[in-house]
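Okay, so here's the structure we're looking at.
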Amino acid sequence: MLDTTTITDIARSAVDLRHRPGYAVFTSGRVEAGPGEDGRWVLRTDCGPAASAVRRALRDRSYATERDEDGAGSTITVWPVRRAPFSPLPPLSLREEVSVHRGVELGSGTWVLEGPLGRVEQQYGSGGHNDMAVHAVYPFAGAGWNSRCVVHPAGCWWRWEWPLQVRARRFIVAGPSVLDRPVATARLAVRLRILYRMHVHGTAQR
């Protein structure tokens, strides 16, 4: 169940011209709100940039919103995140996907934990690209937006921005030599399973 009063207050604050007078160049700061389908809450602004500001503010507060593919839409749809009761995890597969780049000795790779409702990815790389990504069939807190991606062309709830303390990369250690790939510790698999339960399995509709 969405706290529609709080969501609307966040949206209006995001484009409040008293606190952000520069926004007057592109918006009146007005936000209209009302119910949508299947428990969603719909916010309407007067332009794409205002909607983008509202969407960012809601994502920062862990709400799941639809993505505006072309950045021009003025409507923001907020989806309810349903917390599923505890239940056993389905079979999950853990694998490493390795990429070798010309001129980069160590290359890069991704540890992927995948299940029927989505996946959790932890990257590593000599170039410093160590992002974590979560893809889920159902919206989860802080998902950010529903988006088509390489893994799920039809669309999934996807997020790659995570606080450093949440990421699992600290459970990947350097190899024995500079020419060896980093090594995953046993704790990496445990951490990825925890994240899968929280953000993929734990939000499924049952």
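If you're wondering about the labels, chains in the structure tokens are A, B, ... by order shown, residues count from 1 in each chain, ligands from 1 in order shown.
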Name the residues of region 27-127 of chain A that come out as helix (DSSP H, G or I) in a backbone DSSP run; write them as a PyMOL selection string.
chain A and resi 37-39+48-60
Could you tell me, as number ranges by chain, which residues of region 128-179 of chain A DSSP assigns to strand (DSSP E or B) when given the backbone?
A: 132-136, 144-147, 156-159, 172-173
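Nearest residue to Arg191 (chain A), choosing from A:Val25, A:Ala168, A:Asp38, A:Arg55 and counting only C-alpha atoms: A:Ala168.
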Closest to Leu43 (chain A) among A:Thr110, A:Gln205, A:Thr77, A:Ser87, using only C-alpha atoms?
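Smallest distance to Leu43 (chain A) is found for A:Thr77.
Using only C-alpha atoms, the shortest contact distance between Gly118 (chain A) and any of A:Arg44, A:Arg67, A:Arg159, A:Arg82 is found at A:Arg159.
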Option closest in space to Arg95 (chain A), from A:Arg20, A:Arg59, A:Arg197, A:Arg119 [counting only C-alpha atoms]:
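Residue with the minimum atom-to-atom distance to Arg95 (chain A): A:Arg119.
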